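See structure below.
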Amino acid sequence: MADFNTNKREELVIEKVKKGLGFEENEFAKYNVLRIALALALNSPKFSLDSSFWAQKRLNGEKDKEYHLEQITGKGKDKKEDFDLLIRSMLYIKHKEELDRDKKDIFNDEKEYLGILNRYIQRGLYELDNTYKGSDCFYQWCLDNLHLSSVPTSPKKQAESQNNATDYFPKLQNYFKKQGIGIRLISEEDSYRHHICKIELLESDKIQAFKNKSQYLDDELGESIYVEQVKGISKTYSIQIPKPQEQWQNLGLREFERGLEHLQKQNYTLGIFAGMSVDKMPFCFDLKDAPHLLVAGTTGSGKSIFLKIMILCLIQNKNVEITIIDPKEGASFKEFKDIKNIEIFTPQEANECVEKFIEEMESRYKRNAAGENYGNMPYKILIIDELNNLIRNNKDLDSKLGGLAEKMRECKMHFVLGSQRPDSQTFSGSLRSNIPSRIALKVQKSTESTIILDEKGAEKLTGKGDMLIKLGDGSSLQRIIGIYLTEEEIQNQLKVDKFHS
């Protein structure tokens, strides 16, 4: 009896990898691809064993070939080739809480172990199909997807790196000491793009002086330094020092899947996974509570990809209808053109589109007054990209949007406005007062940051998805690193039948 069965689609993936590696028919055993798939799945974001994601992350098809544990894990072979116990241990560590809670023993219960192992291999083959092309350099693919270091770091290099990191606090301490401000180090952490020093002021009466003098840290360290208070702890601040771009850890499909799984556990109606905090935790919020959103940042800041990630999150809810006004005639959001419940309009159709939203809003109020419950109506979300260009060429649109923002939230209607450089004309008083939730990506000047967030800071961001989020619920400003998905990865996320007409 087989321990693992592949189907025809999975066998095609195996053949694709073999071919890409350049092996002839009998030079490379196919079960080695299953081992690669297992390694890939073990490196992917964890799903709980009862998650619906397992069913989504597999290639379905008729059974084709049979494989055994001796081939996949080396079970029963000599010690050099038998990794079965090691793999059981890795799976146990990954799911320890669930397995202990449900009293499942994968070291002695073969059926339970095989059930989990099968899910991991199936997921790995799915990920292989989505990430590996026959023309890819397999070595580079391993570096990118199995998180291997391309060049082993020598002990000397490691020591230099650690010394450089620990050099930061003495410089900070010396700078603030000159200003008559005492600080002590709480911790030093490495984040995706920053080295972070968490410090505590020694005296409470120095808080204002610390805030004033922190503004000049850029000149002292020669970097664009961002300082924020640590939430819930008095006199404690996070000083974030950017790394060189070649040392950045880019966030992609792995982090998106982790964020989406985290989002599903929240009790959100219009949940959005925005990205990862500098403390490496998923950050999510509910657009329903926002209730409208401004997303702004200069060219190359990551605004468009953020809007696409947001749409991928929102369409997880089947009771959502999305309307997009795309300044590039539909080209910016072409991945979504065939998705049900999404309509894309050109700038020339903007007035007509907004008028329809106004009519729908008035209709909903009348229907509700006549006894129809809002609960029976779908959520409608209007996304307008490049608001500044649209309003500059259409002065009437500003007042219409202001009126919509004030009234539409009560009847399950919301909007998201994207802009490169909002100013007093494109982000007028009526819009500002009715859009308390803002996301600022990289901007050029502190005055632009103030227009978006009502405070400085966005001019210090590193770009490419680095953002500050200020929600209308009164919560403190959050610094988040956004996710980057390629066009192909977005399309793969949309392949599930439920998204298509």
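Just so we're on the same page: first chain in the structure tokens is A, next is B, and so on; residues restart at 1 for each chain, and ligands are numbered from 1 in the order they show up.
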
All residues 9 Å or closer to A:Phe499, only C-alpha atoms, same chain fewer than 3 positions away omitted, as JSON, numbers by chain | {"A": [315, 316, 318, 338, 339, 340, 341, 494, 495, 496]}

Put those residues in a file: C-alpha atoms, as a PDB file, in the first residue's frame.
ATOM      1  CA  ILE A 315     -12.751  39.646  -1.878  1.00  0.00           C
ATOM      2  CA  GLN A 316     -12.360  36.854   0.671  1.00  0.00           C
ATOM      3  CA  LYS A 318     -18.395  36.934  -0.764  1.00  0.00           C
ATOM      4  CA  ASP A 338     -12.420  38.930 -14.857  1.00  0.00           C
ATOM      5  CA  ILE A 339     -13.209  38.669 -11.160  1.00  0.00           C
ATOM      6  CA  LYS A 340     -16.852  38.590 -10.192  1.00  0.00           C
ATOM      7  CA  ASN A 341     -18.067  41.365  -7.902  1.00  0.00           C
ATOM      8  CA  LEU A 494      -7.227  34.585  -7.947  1.00  0.00           C
ATOM      9  CA  LYS A 495      -7.313  31.175  -9.654  1.00  0.00           C
ATOM     10  CA  VAL A 496      -9.796  29.802  -7.110  1.00  0.00           C
TER      11      VAL A 496
END

Members of stretch 167-289 of chain A assigned strand (DSSP E or B) by DSSP, as a PyMOL selection string | chain A and resi 183-190+194-201+226-229+236-242+271-277+282-286

Counting only C-alpha atoms, what are the residues of stretch 386-442 of chain A within 6 Å of stretch 461-468 of chain A, and for each of them which pair of atoms is the nearest and at what distance in Å, to one decimal? Sort the table by chain and rising number, as CSV.
residue,atom,partner,partner_atom,distance
A:Ile439,CA,A:Leu468,CA,5.8
A:Ala440,CA,A:Leu468,CA,5.2
A:Leu441,CA,A:Met467,CA,4.3
A:Lys442,CA,A:Gly463,CA,5.0

Write the residues you've just listed into a file as a PDB file, in the first residue's frame, and include N, CA and C atoms for each of them.
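That gives us again_31.pdb:
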ATOM      1  N   ILE A 439      -3.257  56.142   5.403  1.00  0.00           N
ATOM      2  CA  ILE A 439      -2.026  55.369   5.241  1.00  0.00           C
ATOM      3  C   ILE A 439      -1.070  56.210   4.405  1.00  0.00           C
ATOM      4  N   ALA A 440       0.092  56.501   4.977  1.00  0.00           N
ATOM      5  CA  ALA A 440       1.105  57.281   4.266  1.00  0.00           C
ATOM      6  C   ALA A 440       2.273  56.380   3.936  1.00  0.00           C
ATOM      7  N   LEU A 441       2.596  56.293   2.656  1.00  0.00           N
ATOM      8  CA  LEU A 441       3.829  55.649   2.226  1.00  0.00           C
ATOM      9  C   LEU A 441       4.876  56.746   2.058  1.00  0.00           C
ATOM     10  N   LYS A 442       5.993  56.415   1.479  1.00  0.00           N
ATOM     11  CA  LYS A 442       7.092  57.381   1.379  1.00  0.00           C
ATOM     12  C   LYS A 442       6.666  58.651   0.642  1.00  0.00           C
TER      13      LYS A 442
END

Which residues of stretch 240-278 of chain A come within 12 Å of stretch 209-222 of chain A, and what is each one's closest atom pair and distance in Å (one decimal), counting only C-alpha atoms, sorted by chain and residue number, as a Markdown table?
| residue | atom | partner | partner_atom | distance |
| --- | --- | --- | --- | --- |
| A:Gln240 | CA | A:Leu217 | CA | 10.8 |
| A:Ile241 | CA | A:Leu221 | CA | 8.9 |
| A:Pro242 | CA | A:Gly222 | CA | 10.5 |
| A:Lys243 | CA | A:Gly222 | CA | 11.9 |

Which polymer residues have any atom within 9 Å of an atom of A:Glu489, counting only C-alpha atoms, with same-chain residues fewer than 3 positions away left out, as a PyMOL selection string?
-> chain A and resi 130-131+253+485-486+492-494

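With only C-alpha atoms as the basis for measurement, A:Lys288 is the residue among A:Arg479, A:Lys460, A:Lys288, A:Lys57 that approaches A:Met408 most closely.
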
Could you build a table of the residues in stretch 31-136 of chain A lying no more than 10 Å from stretch 5-27 of chain A, giving for each the nearest pair of atoms and their separation in Å rounded to one decimal place, using only C-alpha atoms, ordered by chain and ascending residue number, as a Markdown table?
| residue | atom | partner | partner_atom | distance |
| --- | --- | --- | --- | --- |
| A:Tyr31 | CA | A:Ile14 | CA | 8.6 |
| A:Asn32 | CA | A:Ile14 | CA | 9.1 |
| A:Val33 | CA | A:Ile14 | CA | 6.0 |
| A:Leu34 | CA | A:Ile14 | CA | 7.8 |
| A:Ile36 | CA | A:Val17 | CA | 9.8 |
| A:Ala37 | CA | A:Ile14 | CA | 9.4 |
| A:Arg58 | CA | A:Glu10 | CA | 8.9 |
| A:Leu59 | CA | A:Arg9 | CA | 6.4 |
| A:Asn60 | CA | A:Arg9 | CA | 7.1 |
| A:Gly61 | CA | A:Asn7 | CA | 5.3 |
| A:Glu62 | CA | A:Asn7 | CA | 5.1 |
| A:Lys63 | CA | A:Asn7 | CA | 4.2 |
| A:Asp64 | CA | A:Asn7 | CA | 4.6 |
| A:Lys65 | CA | A:Thr6 | CA | 5.3 |
| A:Glu66 | CA | A:Asn5 | CA | 4.7 |
| A:Tyr67 | CA | A:Asn5 | CA | 6.2 |
| A:His68 | CA | A:Asn5 | CA | 8.8 |
| A:Asn118 | CA | A:Asn5 | CA | 8.5 |
| A:Ile121 | CA | A:Thr6 | CA | 9.6 |
| A:Gln122 | CA | A:Glu10 | CA | 8.1 |
| A:Leu125 | CA | A:Glu10 | CA | 6.4 |
| A:Tyr126 | CA | A:Glu10 | CA | 7.8 |
| A:Glu127 | CA | A:Val13 | CA | 10.0 |
| A:Leu128 | CA | A:Val13 | CA | 7.2 |
| A:Asp129 | CA | A:Val13 | CA | 5.9 |
| A:Asn130 | CA | A:Val13 | CA | 9.7 |
| A:Tyr132 | CA | A:Val17 | CA | 7.6 |
| A:Lys133 | CA | A:Gly20 | CA | 7.5 |
| A:Gly134 | CA | A:Gly20 | CA | 4.3 |
| A:Ser135 | CA | A:Gly20 | CA | 6.2 |
| A:Asp136 | CA | A:Gly20 | CA | 7.1 |

Could you tell me, as a ChimeraX atom specification, which residues of stretch 61-286 of chain A DSSP assigns to helix (DSSP H, G or I) when given the backbone?
-> /A:69-72,84-94,96-101,110-131,138-145,155-166,168-178,204-214,217-221,245-247,253-264

Using only C-alpha atoms, which residues sit within 9 Å of stretch 364-375 of chain A once same-chain residues fewer than 2 positions away are excluded, as number ranges by chain?
-> A: 359-362, 377-378, 410-412

Write to file, as a PDB file, in the first residue's frame, the residues of the selection just made, with all heavy atoms.
ATOM      1  N   GLU A 359     -26.729  57.468  -6.012  1.00  0.00           N
ATOM      2  CA  GLU A 359     -28.084  56.926  -6.207  1.00  0.00           C
ATOM      3  C   GLU A 359     -28.298  55.668  -5.369  1.00  0.00           C
ATOM      4  O   GLU A 359     -29.349  55.482  -4.757  1.00  0.00           O
ATOM      5  CB  GLU A 359     -28.304  56.608  -7.690  1.00  0.00           C
ATOM      6  CG  GLU A 359     -28.409  57.839  -8.585  1.00  0.00           C
ATOM      7  CD  GLU A 359     -28.428  57.470 -10.069  1.00  0.00           C
ATOM      8  OE1 GLU A 359     -28.579  56.261 -10.368  1.00  0.00           O
ATOM      9  OE2 GLU A 359     -28.260  58.375 -10.911  1.00  0.00           O
ATOM     10  N   GLU A 360     -27.281  54.799  -5.348  1.00  0.00           N
ATOM     11  CA  GLU A 360     -27.376  53.567  -4.560  1.00  0.00           C
ATOM     12  C   GLU A 360     -27.501  53.887  -3.073  1.00  0.00           C
ATOM     13  O   GLU A 360     -28.281  53.266  -2.344  1.00  0.00           O
ATOM     14  CB  GLU A 360     -26.151  52.693  -4.808  1.00  0.00           C
ATOM     15  CG  GLU A 360     -26.040  51.456  -3.925  1.00  0.00           C
ATOM     16  CD  GLU A 360     -27.099  50.410  -4.189  1.00  0.00           C
ATOM     17  OE1 GLU A 360     -27.738  50.450  -5.256  1.00  0.00           O
ATOM     18  OE2 GLU A 360     -27.272  49.517  -3.326  1.00  0.00           O
ATOM     19  N   MET A 361     -26.728  54.864  -2.620  1.00  0.00           N
ATOM     20  CA  MET A 361     -26.787  55.258  -1.213  1.00  0.00           C
ATOM     21  C   MET A 361     -28.176  55.772  -0.847  1.00  0.00           C
ATOM     22  O   MET A 361     -28.762  55.345   0.159  1.00  0.00           O
ATOM     23  CB  MET A 361     -25.745  56.346  -0.931  1.00  0.00           C
ATOM     24  CG  MET A 361     -25.753  56.866   0.501  1.00  0.00           C
ATOM     25  SD  MET A 361     -24.586  58.232   0.723  1.00  0.00           S
ATOM     26  CE  MET A 361     -25.413  59.521  -0.235  1.00  0.00           C
ATOM     27  N   GLU A 362     -28.730  56.676  -1.682  1.00  0.00           N
ATOM     28  CA  GLU A 362     -30.062  57.211  -1.411  1.00  0.00           C
ATOM     29  C   GLU A 362     -31.114  56.104  -1.453  1.00  0.00           C
ATOM     30  O   GLU A 362     -32.034  56.070  -0.627  1.00  0.00           O
ATOM     31  CB  GLU A 362     -30.404  58.304  -2.433  1.00  0.00           C
ATOM     32  CG  GLU A 362     -29.467  59.512  -2.438  1.00  0.00           C
ATOM     33  CD  GLU A 362     -29.510  60.301  -1.135  1.00  0.00           C
ATOM     34  OE1 GLU A 362     -30.405  60.041  -0.302  1.00  0.00           O
ATOM     35  OE2 GLU A 362     -28.632  61.179  -0.953  1.00  0.00           O
ATOM     36  N   MET A 377     -28.188  43.696   2.351  1.00  0.00           N
ATOM     37  CA  MET A 377     -27.519  44.379   1.239  1.00  0.00           C
ATOM     38  C   MET A 377     -26.020  44.085   1.266  1.00  0.00           C
ATOM     39  O   MET A 377     -25.414  44.009   2.337  1.00  0.00           O
ATOM     40  CB  MET A 377     -27.737  45.892   1.338  1.00  0.00           C
ATOM     41  CG  MET A 377     -29.199  46.300   1.419  1.00  0.00           C
ATOM     42  SD  MET A 377     -29.357  48.081   1.742  1.00  0.00           S
ATOM     43  CE  MET A 377     -31.095  48.191   2.189  1.00  0.00           C
ATOM     44  N   PRO A 378     -25.377  43.903   0.112  1.00  0.00           N
ATOM     45  CA  PRO A 378     -23.930  43.649   0.101  1.00  0.00           C
ATOM     46  C   PRO A 378     -23.147  44.906   0.469  1.00  0.00           C
ATOM     47  O   PRO A 378     -23.641  46.031   0.329  1.00  0.00           O
ATOM     48  CB  PRO A 378     -23.662  43.250  -1.353  1.00  0.00           C
ATOM     49  CG  PRO A 378     -24.730  43.932  -2.134  1.00  0.00           C
ATOM     50  CD  PRO A 378     -25.948  43.925  -1.251  1.00  0.00           C
ATOM     51  N   GLU A 410     -23.147  54.472   6.882  1.00  0.00           N
ATOM     52  CA  GLU A 410     -24.276  53.912   7.622  1.00  0.00           C
ATOM     53  C   GLU A 410     -25.018  52.847   6.830  1.00  0.00           C
ATOM     54  O   GLU A 410     -25.785  52.069   7.402  1.00  0.00           O
ATOM     55  CB  GLU A 410     -25.237  55.031   8.030  1.00  0.00           C
ATOM     56  CG  GLU A 410     -24.620  56.107   8.914  1.00  0.00           C
ATOM     57  CD  GLU A 410     -24.107  55.551  10.227  1.00  0.00           C
ATOM     58  OE1 GLU A 410     -24.681  54.549  10.710  1.00  0.00           O
ATOM     59  OE2 GLU A 410     -23.127  56.095  10.771  1.00  0.00           O
ATOM     60  N   CYS A 411     -24.830  52.827   5.505  1.00  0.00           N
ATOM     61  CA  CYS A 411     -25.586  51.870   4.689  1.00  0.00           C
ATOM     62  C   CYS A 411     -24.655  50.877   3.996  1.00  0.00           C
ATOM     63  O   CYS A 411     -24.880  50.478   2.857  1.00  0.00           O
ATOM     64  CB  CYS A 411     -26.470  52.592   3.693  1.00  0.00           C
ATOM     65  SG  CYS A 411     -25.611  53.726   2.583  1.00  0.00           S
ATOM     66  N   LYS A 412     -23.574  50.495   4.691  1.00  0.00           N
ATOM     67  CA  LYS A 412     -22.646  49.454   4.223  1.00  0.00           C
ATOM     68  C   LYS A 412     -21.933  49.842   2.931  1.00  0.00           C
ATOM     69  O   LYS A 412     -21.708  49.009   2.065  1.00  0.00           O
ATOM     70  CB  LYS A 412     -23.375  48.125   4.063  1.00  0.00           C
ATOM     71  CG  LYS A 412     -23.948  47.574   5.357  1.00  0.00           C
ATOM     72  CD  LYS A 412     -24.761  46.313   5.143  1.00  0.00           C
ATOM     73  CE  LYS A 412     -23.894  45.151   4.740  1.00  0.00           C
ATOM     74  NZ  LYS A 412     -24.665  43.878   4.689  1.00  0.00           N
TER      75      LYS A 412
END

What lies within 7 Å of A:Ile342 using only C-alpha atoms, ignoring chain neighbours under 6 positions off, as a list in words?
->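 After dropping sequence-adjacent residues, the list is Glu321, Ile322 and Thr323 of chain A.
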
Written file, previous selection with all heavy atoms, as a compact mmCIF listing (two decimals), in the first residue's frame:
# COMPACT_ATOMS: atom_id res chain seq x y z
N GLU A 321 -18.87 43.93 -2.94
CA GLU A 321 -18.80 44.34 -4.35
C GLU A 321 -17.84 45.53 -4.43
O GLU A 321 -17.98 46.49 -3.67
CB GLU A 321 -20.19 44.73 -4.87
CG GLU A 321 -21.17 43.56 -4.90
CD GLU A 321 -22.57 43.97 -5.33
OE1 GLU A 321 -22.77 45.18 -5.61
OE2 GLU A 321 -23.46 43.10 -5.37
N ILE A 322 -16.88 45.45 -5.33
CA ILE A 322 -15.83 46.48 -5.42
C ILE A 322 -15.91 47.18 -6.77
O ILE A 322 -15.98 46.53 -7.82
CB ILE A 322 -14.44 45.86 -5.22
CG1 ILE A 322 -14.33 45.23 -3.82
CG2 ILE A 322 -13.34 46.90 -5.41
CD1 ILE A 322 -13.03 44.49 -3.58
N THR A 323 -15.88 48.50 -6.72
CA THR A 323 -15.82 49.33 -7.93
C THR A 323 -14.50 50.08 -7.92
O THR A 323 -14.15 50.71 -6.91
CB THR A 323 -17.00 50.31 -7.98
OG1 THR A 323 -18.22 49.58 -8.00
CG2 THR A 323 -16.91 51.19 -9.23

So which residues touch A:Arg254 within 10 Å, counting only C-alpha atoms, skipping near sequence neighbours fewer than 5 positions away, as a list in words?
-> Asn43, Ser44, Pro45, Lys46, Asn145, Gly259, Ile483 and Leu485 of chain A

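Between A:Ile106 and the candidates A:Leu69, A:Lys395, A:Ile452, A:Ser89, the tightest atom-to-atom separation, counting only C-alpha atoms, involves A:Ser89.
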
Calculate how many Å separate atom CA of A:Ser475 from atom CA of A:Pro291, rounding to one decimal.
->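 Those two atoms sit 14.2 Å apart.
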
Nearest to A:Leu185, chosen from A:Tyr237, A:Trp141, A:Tyr268, A:Phe28, with only C-alpha atoms counted in the distances |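 Closest to A:Leu185, using only C-alpha atoms: A:Tyr237.
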
Quick one: pull the distance between atom CA of A:Glu352 and atom CA of A:Ile490, Å, one decimal.
->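 Straight-line distance from atom CA of A:Glu352 to atom CA of A:Ile490 works out to 29.1 Å.
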